[in-house]
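Peer 1: mmCIF, C-alpha atoms, file structure.cif:
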data_work
#
loop_
_atom_site.group_PDB
_atom_site.id
_atom_site.type_symbol
_atom_site.label_atom_id
_atom_site.label_comp_id
_atom_site.auth_asym_id
_atom_site.auth_seq_id
_atom_site.Cartn_x
_atom_site.Cartn_y
_atom_site.Cartn_z
ATOM 1 C CA ALA A 16 -31.047 -11.416 13.589
ATOM 2 C CA ALA A 17 -30.468 -15.182 13.282
ATOM 3 C CA GLY A 18 -27.007 -14.545 11.841
ATOM 4 C CA GLU A 19 -24.194 -17.009 11.577
ATOM 5 C CA GLU A 20 -22.546 -18.168 14.767
ATOM 6 C CA ARG A 21 -18.903 -19.228 14.703
ATOM 7 C CA ALA A 22 -16.508 -19.423 17.618
ATOM 8 C CA ILE A 23 -13.151 -17.666 17.426
ATOM 9 C CA PRO A 24 -10.414 -20.288 17.928
ATOM 10 C CA ARG A 25 -8.126 -20.045 20.936
ATOM 11 C CA TYR A 26 -4.495 -18.994 20.538
ATOM 12 C CA ASP A 27 -2.356 -20.843 19.113
ATOM 13 C CA ASN A 28 -4.525 -22.409 16.396
ATOM 14 C CA SER A 29 -1.676 -22.777 13.876
ATOM 15 C CA GLY A 30 -1.791 -26.612 13.678
ATOM 16 C CA ALA A 31 -5.457 -26.718 12.660
ATOM 17 C CA LEU A 32 -4.915 -23.708 10.426
ATOM 18 C CA MET A 33 -2.061 -25.392 8.520
ATOM 19 C CA ARG A 34 -4.134 -28.544 7.947
ATOM 20 C CA GLU A 35 -6.976 -26.453 6.575
ATOM 21 C CA LEU A 36 -4.732 -24.375 4.306
ATOM 22 C CA TYR A 37 -3.142 -27.543 2.938
ATOM 23 C CA ARG A 38 -6.604 -28.969 2.158
ATOM 24 C CA ILE A 39 -7.886 -25.768 0.522
ATOM 25 C CA LEU A 40 -4.729 -25.111 -1.515
ATOM 26 C CA ASP A 41 -4.400 -28.729 -2.669
ATOM 27 C CA SER A 42 -6.106 -27.850 -5.977
ATOM 28 C CA ALA A 43 -3.563 -25.103 -6.775
ATOM 29 C CA GLU A 44 -0.721 -25.866 -9.173
ATOM 30 C CA GLU A 45 1.684 -24.337 -6.648
ATOM 31 C CA TYR A 46 1.491 -22.041 -3.638
ATOM 32 C CA SER A 47 3.565 -20.287 -1.005
ATOM 33 C CA LEU A 48 2.632 -19.047 2.458
ATOM 34 C CA ASP A 49 4.529 -16.363 4.367
ATOM 35 C CA PHE A 50 3.962 -16.175 8.119
ATOM 36 C CA SER A 51 6.799 -13.667 8.635
ATOM 37 C CA ASP A 52 4.507 -10.961 10.015
ATOM 38 C CA THR A 53 4.385 -11.629 13.735
ATOM 39 C CA PRO A 54 0.931 -12.151 15.240
ATOM 40 C CA HIS A 55 -0.137 -9.077 17.195
ATOM 41 C CA GLN A 56 -2.740 -8.582 19.877
ATOM 42 C CA GLU A 57 -5.406 -5.919 20.286
ATOM 43 C CA GLY A 58 -7.435 -6.410 23.446
ATOM 44 C CA TYR A 59 -8.417 -10.056 23.694
ATOM 45 C CA ILE A 60 -8.016 -10.788 19.946
ATOM 46 C CA VAL A 61 -4.786 -11.982 18.291
ATOM 47 C CA PHE A 62 -4.331 -11.182 14.581
ATOM 48 C CA ARG A 63 -2.308 -13.766 12.594
ATOM 49 C CA PRO A 64 -1.572 -12.384 9.082
ATOM 50 C CA VAL A 65 -0.519 -14.722 6.268
ATOM 51 C CA THR A 66 0.711 -13.493 2.891
ATOM 52 C CA MET A 67 -0.267 -16.037 0.259
ATOM 53 C CA THR A 68 0.545 -16.603 -3.403
ATOM 54 C CA PHE A 69 -0.912 -19.423 -5.469
ATOM 55 C CA ARG A 70 -1.211 -20.363 -9.122
ATOM 56 C CA THR A 71 -4.179 -22.060 -10.769
ATOM 57 C CA ARG A 72 -5.119 -22.976 -14.325
ATOM 58 C CA THR A 73 -8.170 -20.668 -14.424
ATOM 59 C CA TYR A 74 -9.731 -17.651 -12.754
ATOM 60 C CA GLU A 75 -12.615 -19.872 -11.637
ATOM 61 C CA GLU A 76 -10.199 -22.164 -9.744
ATOM 62 C CA ALA A 77 -8.598 -19.128 -8.083
ATOM 63 C CA ARG A 78 -12.030 -17.811 -7.113
ATOM 64 C CA ALA A 79 -13.017 -21.211 -5.653
ATOM 65 C CA ILE A 80 -9.925 -21.168 -3.416
ATOM 66 C CA ILE A 81 -10.661 -17.612 -2.253
ATOM 67 C CA ASN A 82 -14.271 -18.594 -1.515
ATOM 68 C CA ALA A 83 -13.133 -21.649 0.484
ATOM 69 C CA LEU A 84 -10.732 -19.479 2.500
ATOM 70 C CA GLY A 85 -13.502 -16.974 3.255
ATOM 71 C CA GLU A 86 -15.972 -19.701 4.295
ATOM 72 C CA SER A 87 -13.500 -21.248 6.732
ATOM 73 C CA ASP A 88 -14.464 -22.048 10.311
ATOM 74 C CA ASN A 89 -11.237 -20.200 11.181
ATOM 75 C CA ILE A 90 -12.546 -16.640 11.218
ATOM 76 C CA ASN A 91 -10.524 -14.410 8.909
ATOM 77 C CA GLN A 92 -10.381 -11.290 6.786
ATOM 78 C CA ILE A 93 -9.050 -11.409 3.224
ATOM 79 C CA SER A 94 -7.415 -8.249 1.826
ATOM 80 C CA ASP A 95 -5.016 -7.024 -0.843
ATOM 81 C CA VAL A 96 -6.300 -9.499 -3.449
ATOM 82 C CA SER A 97 -4.656 -9.494 -6.869
ATOM 83 C CA ILE A 98 -5.440 -12.012 -9.618
ATOM 84 C CA ALA A 99 -3.440 -11.845 -12.850
ATOM 85 C CA GLY A 100 -2.927 -13.949 -15.936
ATOM 86 C CA GLY A 101 0.511 -15.491 -16.241
ATOM 87 C CA LYS A 102 3.387 -14.141 -18.311
ATOM 88 C CA GLY A 103 6.355 -15.736 -20.007
ATOM 89 C CA GLN A 104 6.741 -19.438 -19.303
ATOM 90 C CA GLN A 105 3.889 -19.288 -16.755
ATOM 91 C CA ARG A 106 1.385 -17.669 -19.158
ATOM 92 C CA ASP A 107 -1.039 -20.588 -18.900
ATOM 93 C CA LEU A 108 -1.353 -20.071 -15.118
ATOM 94 C CA CYS A 109 -3.365 -17.522 -13.170
ATOM 95 C CA GLN A 110 -1.476 -16.038 -10.192
ATOM 96 C CA THR A 111 -3.298 -14.872 -7.079
ATOM 97 C CA ASP A 112 -1.701 -12.829 -4.291
ATOM 98 C CA LEU A 113 -3.549 -11.962 -1.097
ATOM 99 C CA VAL A 114 -3.217 -11.334 2.607
ATOM 100 C CA ILE A 115 -5.457 -13.303 4.923
ATOM 101 C CA THR A 116 -5.604 -12.396 8.604
ATOM 102 C CA TYR A 117 -6.857 -15.034 11.021
ATOM 103 C CA PHE A 118 -8.351 -14.104 14.389
ATOM 104 C CA GLU A 119 -7.725 -15.990 17.640
ATOM 105 C CA VAL A 120 -8.682 -15.413 21.263
ATOM 106 C CA ALA A 121 -5.644 -14.290 23.255
ATOM 107 C CA PRO A 122 -4.184 -16.658 25.871
#
How does the structure come out when it is put into structure tokens?
Peer 2:
Amino acid sequence: AAGEERAIPRYDNSGALMRELYRILDSAEEYSLDFSDTPHQEGYIVFRPVTMTFRTRTYEEARAIINALGESDNINQISDVSIAGGKGQQRDLCQTDLVITYFEVAP
């Protein structure tokens, strides 16, 4: 009943979101973010999907990044998670692919 109370950010929260993603992904060896899916609105909520790929040295580092994303003050849903050991020249790196959808209150 006490629950956790977090406010949904107002549209367009992309500036604060980019600062947070930069901070969280700073420990990754490399990363890429794809915002090509256009935000869409359902009722008073805007969904902002981000496709993300990042590489870390270990599974534990990848898991720590995923945990930090999930614990964000920017309310989100993480889906389509894939974590795999590297191959070829990148075999010492762990690659993580996921989709994270951020929620914002419509203008």
Peer 1: List the spatial neighbours of A:Phe62 as a VMD selection string - criterion: any atom at most 10 Å away, all atoms listed in the file, same-chain residues fewer than 2 positions off excluded.
Peer 2: chain A and resid 26 52 to 57 60 64 to 65 91 to 92 115 to 121
Peer 1: Hey, can you check how far atom CA of A:Ser97 sits from atom CA of A:Thr68?
Peer 2: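 Atom-to-atom, atom CA of A:Ser97 to atom CA of A:Thr68, that is 9.5 Å.
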Peer 1: Around (-8.0, -20.7, -6.8) in the file's own coordinates, what residues are found within 8 Å if you use all atoms listed in the file, given back as a list of chain:residue names?
Peer 2: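 The requested residues, written out, are A:Leu40, A:Ser42, A:Ala43, A:Phe69, A:Arg70, A:Thr71, A:Thr73, A:Tyr74, A:Glu75, A:Glu76, A:Ala77, A:Arg78, A:Ala79, A:Ile80, A:Ile81, A:Thr111.
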Peer 1: Let me know the residues the PyMOL selection byres ((chain A and resi 87-89) around 8) catches in the file above, as a list in words.
Peer 2: Arg21, Ile23, Pro24, Leu32, Ala83, Leu84, Gly85, Glu86, Ile90, Asn91, Tyr117 and Phe118 of chain A
Peer 1: If I take atom CA of A:Gly30 and atom CA of A:Gln110, how far is one from the other in Å, to one decimal?
Peer 2: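 So the two atoms, atom CA of A:Gly30 and atom CA of A:Gln110, lie 26.1 Å apart.
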Peer 1: In Å, rounded to a single decimal, give me how far atom CA of A:Leu113 is from atom CA of A:Tyr59.
Peer 2: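 Between atom CA of A:Tyr59 and atom CA of A:Leu113 the gap is 25.3 Å.
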Peer 1: Calculated over only C-alpha atoms, which of the candidates A:Arg63, A:Arg38, A:Arg72, A:Arg25 has the smallest distance to A:Phe50?
Peer 2: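 Nearest candidate to A:Phe50 out of A:Arg63, A:Arg38, A:Arg72, A:Arg25: A:Arg63.
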